[in-house]
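Enquirer: The following file, protein-v3.cif, comprises mmCIF, C-alpha atoms:
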data_query
#
loop_
_atom_site.label_atom_id
_atom_site.label_comp_id
_atom_site.auth_asym_id
_atom_site.auth_seq_id
_atom_site.Cartn_x
_atom_site.Cartn_y
_atom_site.Cartn_z
CA MET A 26 44.24 41.26 -2.77
CA LYS A 27 44.79 43.16 -5.97
CA THR A 28 48.08 44.82 -6.81
CA ARG A 29 48.70 47.38 -9.53
CA THR A 30 52.27 48.52 -8.94
CA SER A 31 54.30 49.93 -11.81
CA PHE A 32 57.17 47.82 -13.10
CA PRO A 33 59.83 50.58 -12.75
CA LEU A 34 58.99 50.87 -9.04
CA LEU A 35 59.03 47.11 -8.57
CA LEU A 36 62.34 46.79 -10.41
CA CYS A 37 63.78 49.56 -8.24
CA LEU A 38 62.60 47.78 -5.12
CA ALA A 39 64.22 44.57 -6.39
CA ALA A 40 67.54 46.43 -6.71
CA THR A 41 67.41 48.46 -3.48
CA THR A 42 65.86 45.89 -1.12
CA ALA A 43 67.52 42.63 -2.22
CA PHE A 44 68.88 42.23 1.29
CA ALA A 45 65.30 41.80 2.54
CA ALA A 46 65.18 38.36 0.90
CA GLU A 47 67.88 37.24 3.31
CA GLN A 48 66.00 38.36 6.45
CA PRO A 49 63.78 35.91 8.36
CA ALA A 50 60.11 36.19 7.44
CA PRO A 51 57.93 37.66 10.25
CA ALA A 52 55.40 35.47 11.98
CA ASN A 53 52.21 34.66 10.07
CA THR A 54 49.68 37.30 11.04
CA ALA A 55 46.86 35.18 9.61
CA LYS A 56 47.64 32.54 12.31
CA ASP A 57 48.09 29.74 9.79
CA GLU A 58 50.07 26.71 10.97
CA SER A 59 53.74 27.50 10.46
CA CYS A 60 57.10 25.76 10.26
CA ALA A 61 60.61 26.55 9.06
CA CYS A 62 59.44 26.57 5.45
CA CYS A 63 56.17 28.44 5.73
CA GLN A 64 56.56 31.64 7.72
CA GLU A 65 54.62 34.55 6.28
CA GLU A 66 54.41 38.29 6.50
CA LYS A 67 52.00 40.97 5.45
CA GLN A 68 53.21 42.64 2.29
CA PRO A 69 54.04 46.29 3.05
CA ALA A 70 52.64 48.99 0.83
CA PRO A 71 55.37 49.89 -1.69
CA LYS A 72 57.06 53.21 -1.18
CA LYS A 73 58.46 55.23 -4.01
CA ASP A 74 62.21 55.46 -3.80
CA ALA A 75 64.24 58.40 -5.00
CA CYS A 76 66.24 56.11 -7.25
CA CYS A 77 63.25 55.36 -9.44
CA ALA A 78 61.43 58.67 -9.58
CA ASP A 79 60.59 59.79 -13.08
CA GLN A 80 62.74 57.13 -14.71
CA PRO A 81 61.63 56.01 -18.17
CA VAL A 82 60.42 52.46 -18.64
CA VAL A 83 63.03 50.29 -20.33
CA SER A 84 61.78 46.99 -21.71
CA PRO A 85 64.52 44.55 -22.76
CA ALA A 86 61.91 42.50 -24.62
CA SER A 87 60.98 45.48 -26.77
CA GLU A 88 64.26 45.05 -28.64
CA GLY A 89 62.88 41.79 -29.98
CA GLY A 90 59.78 43.47 -31.35
CA GLN A 91 57.64 43.23 -28.21
CA SER A 92 56.61 45.97 -25.85
CA PHE A 93 54.88 45.56 -22.51
CA THR A 94 52.90 47.82 -20.20
CA LYS A 95 54.58 49.65 -17.35
CA GLU A 96 53.06 47.22 -14.82
CA SER A 97 54.06 44.06 -16.70
CA LEU A 98 56.46 41.62 -15.07
CA TYR A 99 57.39 40.51 -18.56
CA GLN A 100 59.67 43.53 -18.94
CA SER A 101 62.18 41.74 -16.72
CA ASP A 102 65.22 40.33 -18.51
CA ALA A 103 65.57 37.52 -15.93
CA THR A 104 66.26 34.19 -17.62
CA PHE A 105 65.06 30.72 -16.65
CA THR A 106 65.26 27.08 -17.72
CA ASP A 107 62.29 24.70 -17.70
CA ASP A 108 62.21 21.09 -16.53
CA THR A 109 63.13 19.86 -20.00
CA GLY A 110 66.31 21.94 -20.06
CA LYS A 111 65.02 24.55 -22.51
CA ALA A 112 65.55 28.29 -22.00
CA PHE A 113 62.35 30.05 -21.03
CA ALA A 114 61.39 33.74 -21.13
CA LEU A 115 58.49 34.94 -19.01
CA GLY A 116 57.35 37.14 -21.88
CA SER A 117 56.44 34.02 -23.85
CA LEU A 118 53.42 33.70 -21.52
CA ARG A 119 51.89 36.87 -22.90
CA GLY A 120 48.28 36.44 -23.99
CA ARG A 121 47.40 33.80 -21.39
CA PRO A 122 46.20 34.06 -17.77
CA VAL A 123 48.96 32.88 -15.43
CA VAL A 124 49.19 31.65 -11.85
CA LEU A 125 52.73 32.13 -10.53
CA ASP A 126 54.16 30.52 -7.39
CA LEU A 127 57.69 30.45 -5.98
CA PHE A 128 58.54 27.20 -4.17
CA PHE A 129 61.23 24.59 -3.54
CA ALA A 130 60.82 20.94 -4.42
CA SER A 131 62.00 19.44 -1.12
CA CYS A 132 59.63 21.53 1.01
CA GLY A 133 57.78 19.26 3.42
CA TYR A 134 54.79 21.39 4.33
CA ALA A 135 53.80 24.74 2.84
CA CYS A 136 54.77 24.23 -0.81
CA PRO A 137 52.98 20.88 -1.16
CA LEU A 138 49.85 22.44 0.34
CA THR A 139 50.01 25.35 -2.10
CA VAL A 140 50.51 23.06 -5.11
CA THR A 141 47.55 20.97 -3.94
CA ASP A 142 45.45 24.14 -3.80
CA LEU A 143 46.62 25.16 -7.27
CA LEU A 144 45.64 21.73 -8.62
CA ALA A 145 42.22 22.23 -7.02
CA LEU A 146 42.04 25.70 -8.59
CA GLN A 147 42.86 24.21 -11.99
CA ASP A 148 40.15 21.57 -11.60
CA ARG A 149 37.44 24.08 -10.75
CA LEU A 150 38.06 26.24 -13.82
CA PRO A 151 35.64 25.93 -16.77
CA ALA A 152 37.03 23.63 -19.47
CA GLU A 153 37.85 26.43 -21.92
CA LEU A 154 39.63 28.50 -19.27
CA ARG A 155 41.41 25.42 -17.92
CA GLY A 156 42.91 24.88 -21.34
CA ARG A 157 44.31 28.42 -21.47
CA ALA A 158 45.45 29.08 -17.91
CA VAL A 159 49.11 28.41 -17.15
CA PHE A 160 50.48 27.44 -13.74
CA VAL A 161 54.12 28.43 -13.26
CA LEU A 162 56.31 27.14 -10.42
CA VAL A 163 59.67 28.87 -9.99
CA SER A 164 62.17 27.31 -7.59
CA PHE A 165 64.25 29.44 -5.26
CA ASP A 166 66.43 26.43 -4.33
CA VAL A 167 68.86 27.21 -7.11
CA ALA A 168 71.49 24.72 -5.93
CA ARG A 169 69.38 21.59 -5.47
CA ASP A 170 66.39 21.99 -7.79
CA THR A 171 68.06 20.90 -11.00
CA THR A 172 66.25 20.20 -14.26
CA GLU A 173 66.08 16.52 -13.31
CA VAL A 174 64.66 17.28 -9.85
CA LEU A 175 61.94 19.50 -11.35
CA ALA A 176 61.06 16.83 -13.92
CA LYS A 177 60.74 14.28 -11.13
CA TYR A 178 58.58 16.69 -9.12
CA ARG A 179 56.26 17.12 -12.11
CA ALA A 180 55.82 13.36 -12.36
CA GLN A 181 55.30 12.89 -8.63
CA ARG A 182 52.60 15.57 -8.45
CA GLY A 183 50.94 14.63 -11.73
CA LEU A 184 51.35 18.09 -13.25
CA ASP A 185 50.08 18.26 -16.84
CA GLY A 186 51.15 20.36 -19.79
CA GLN A 187 49.48 23.48 -18.38
CA TRP A 188 52.18 23.58 -15.72
CA ILE A 189 55.62 25.10 -16.28
CA LEU A 190 58.42 24.40 -13.81
CA LEU A 191 61.37 26.78 -13.88
CA ARG A 192 64.79 27.24 -12.35
CA GLY A 193 67.15 30.18 -12.78
CA SER A 194 70.18 31.97 -11.45
CA ASP A 195 70.09 33.36 -7.92
CA ASP A 196 69.83 36.89 -9.33
CA SER A 197 66.94 36.00 -11.64
CA VAL A 198 64.97 34.28 -8.90
CA ARG A 199 65.55 37.06 -6.39
CA GLU A 200 64.49 39.69 -8.91
CA LEU A 201 61.25 37.84 -9.67
CA ALA A 202 60.61 37.24 -5.96
CA ALA A 203 61.01 40.94 -5.22
CA LEU A 204 58.67 41.88 -8.05
CA VAL A 205 55.83 39.74 -6.69
CA GLY A 206 56.57 40.42 -3.01
CA VAL A 207 57.90 37.01 -1.95
CA LYS A 208 60.65 36.76 0.67
CA PHE A 209 62.71 33.66 1.33
CA LYS A 210 65.74 32.66 3.39
CA GLN A 211 67.64 29.38 3.50
CA GLU A 212 68.05 27.93 6.97
CA ALA A 213 71.01 25.96 8.34
CA ASP A 214 69.30 22.63 7.57
CA GLY A 215 68.91 23.55 3.91
CA ALA A 216 65.15 24.22 4.10
CA PHE A 217 63.71 27.67 3.42
CA SER A 218 61.53 30.02 5.39
CA HIS A 219 59.42 31.89 2.86
CA SER A 220 56.26 33.82 2.11
CA ASN A 221 53.22 31.73 1.25
CA LEU A 222 51.88 33.70 -1.67
CA PHE A 223 50.72 32.93 -5.18
CA THR A 224 50.03 35.51 -7.85
CA VAL A 225 47.57 35.77 -10.74
CA LEU A 226 48.82 37.63 -13.82
CA ASN A 227 46.64 38.88 -16.64
CA ARG A 228 47.41 38.49 -20.34
CA GLU A 229 49.93 41.35 -20.20
CA GLY A 230 51.81 39.96 -17.22
CA GLU A 231 50.32 42.46 -14.77
CA ILE A 232 49.50 41.41 -11.20
CA VAL A 233 45.73 41.32 -10.78
CA HIS A 234 45.35 39.13 -7.69
CA GLN A 235 47.39 37.53 -4.92
CA ARG A 236 46.52 34.99 -2.25
CA LEU A 237 48.50 35.32 0.97
CA GLY A 238 48.42 32.31 3.28
CA LEU A 239 47.75 28.61 3.05
CA LYS A 240 43.97 28.45 3.23
CA GLY A 241 41.01 29.56 1.13
CA GLY A 242 40.90 32.19 -1.58
CA LEU A 243 40.49 29.79 -4.51
CA ASP A 244 37.14 31.23 -5.61
CA GLU A 245 38.68 34.70 -5.76
CA ALA A 246 41.67 33.40 -7.72
CA ALA A 247 39.36 31.60 -10.17
CA ALA A 248 37.35 34.80 -10.65
CA ALA A 249 40.54 36.76 -11.33
CA LEU A 250 41.58 34.23 -13.97
CA ALA A 251 38.14 34.29 -15.59
CA ALA A 252 38.06 38.08 -15.65
CA ASN A 253 41.35 38.17 -17.56
CA THR A 254 40.62 35.51 -20.19
CA PRO A 255 39.54 36.60 -23.70
#
Do you think you could lay out the structure here as structure tokens?
Expert:
Amino acid sequence: MKTRTSFPLLLCLAATTAFAAEQPAPANTAKDESCACCQEEKQPAPKKDACCADQPVVSPASEGGQSFTKESLYQSDATFTDDTGKAFALGSLRGRPVVLDLFFASCGYACPLTVTDLLALQDRLPAELRGRAVFVLVSFDVARDTTEVLAKYRAQRGLDGQWILLRGSDDSVRELAALVGVKFKQEADGAFSHSNLFTVLNREGEIVHQRLGLKGGLDEAAAALAANTP
């Protein structure tokens, strides 16, 4: 699916519907196999809220000399840390096609399947595009997925330098999740129920494609990446 929702509306939704991230995800309408960590839901069409009508776009990054489009996720001031311990700003990805996925490292079913699909997607890209595309994994297990855990996960899955693994504060992760339409909820056993959704961003950080579910869609994702590569 393609999504072209303005950033002010998404940011408003992140502020006014944060409680939705704590609600159990509805059953998978695509009838994929499901478990505690892989429940899905159809993404509802965004509705314009009174709190964000006619508000001007404010881009925190513009203070540093950058400005982004109204649909760009890179306007967010959410902060993250990569698996080497270095601070990471999403806006630093500008100029490159990006595949973004929210996950947690101890997931036993859905997340490993998605990462396997993303590795397959990376392999099927033409060499030049493969060298430019970036695959970003952002953990929503903010307590357990430390820098060391993410570094170990990289090694275990054989993720190369085109992959970026990030952790952040609960607020930063929830804001990003809301912006891309991912819901998650931690269960009593420590696992998470969550949307199974990865997102393709163009060079400006705008959402140009999303795959919902655990099967198929890699050709469409590859085409979206190719269409947004200079």
Enquirer: In Å, with one decimal, what is the gap from atom CA of A:Phe217 to atom CA of A:Glu231?
Expert: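 One can read the atom CA of A:Phe217 to atom CA of A:Glu231 distance as 27.0 Å.
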Enquirer: On this structure, the PyMOL selection byres ((chain A and resi 234) around 10) would catch which residues? List them as a PyMOL selection string, sorted by chain and number.
Expert: chain A and resi 26-29+124+223-227+231-233+235-237+245-250
Enquirer: Just how far from atom CA of A:Ser220 is atom CA of A:Arg157, in Å to one decimal?
Expert: 27.0 Å
Enquirer: Where does the PyMOL selection byres ((chain A and resi 194-198) around 7) land in this file, that is, which residues does it pick, as a list in words?
Expert: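 For this structure, the PyMOL selection byres ((chain A and resi 194-198) around 7) captures Ala103, Thr104, Phe165, Val167, Gly193, Arg199, Glu200, Leu201 and Ala202 of chain A.
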Enquirer: Find, counting only C-alpha atoms, the residue in A:Thr254, A:Thr171, A:Thr139, A:Thr106 that gets nearest to A:Asp126.
Expert: A:Thr139
Enquirer: Using all atoms listed in the file, pick whichever of A:Gln211, A:Gly186, A:Leu162, A:Asp244 has the shortest atom-to-atom distance to A:Pro137.
Expert: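 Checking each candidate against A:Pro137, we get A:Leu162 as the closest.
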Enquirer: Suppose a student applies the PyMOL selection byres ((chain A and resi 117) around 12) to this structure; what residues should they get, written as a PyMOL selection string?
Expert: chain A and resi 86+89+91+93+98-101+104-105+112-116+118-123+159+189+228-230
Enquirer: What gap, in Å, lies between atom CA of A:Ala216 and atom CA of A:Leu138?
Expert: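 Separating atom CA of A:Ala216 from atom CA of A:Leu138 is a distance of 15.9 Å.
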Enquirer: For A:Asp170, which residue out of A:Ser131, A:Asn253, A:Thr94, A:Thr109 is the nearest one, using only C-alpha atoms?
Expert: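 Ranked by minimum distance to A:Asp170, first place goes to A:Ser131.
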Enquirer: Which residue gives the smallest distance to A:Ala252 among A:Leu222, A:Leu150, A:Ala180, A:Val207, with all atoms listed in the file counted?
Expert: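 Checking each candidate against A:Ala252, we get A:Leu150 as the closest.
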Enquirer: Can you pull out the residues contacting A:Ala176? Cut-off 12 Å, using only C-alpha atoms, and skip same-chain residues under 6 positions away; I want them as number ranges by chain.
Expert: A: 106-110, 130, 162, 170, 182-185, 188-192
Enquirer: Which residue is closest to A:Ser97? Choose from A:Leu204, A:Arg149, A:Leu243, A:Asn221 and count only C-alpha atoms.
Expert: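 Result for the nearest residue to A:Ser97: A:Leu204.
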Enquirer: Pick out the closest residue to A:Lys240 from this set: A:Glu173, A:Glu153, A:Asp148, A:Asp142. Count all atoms listed in the file.
Expert: A:Asp142
Enquirer: Which polymer residues, protein or nucleic acid, are no farther than 6 Å from (57.1, 24.7, -7.8), counting only C-alpha atoms, as an NGL selection string?
Expert: :A and (128-129 or 162-164)
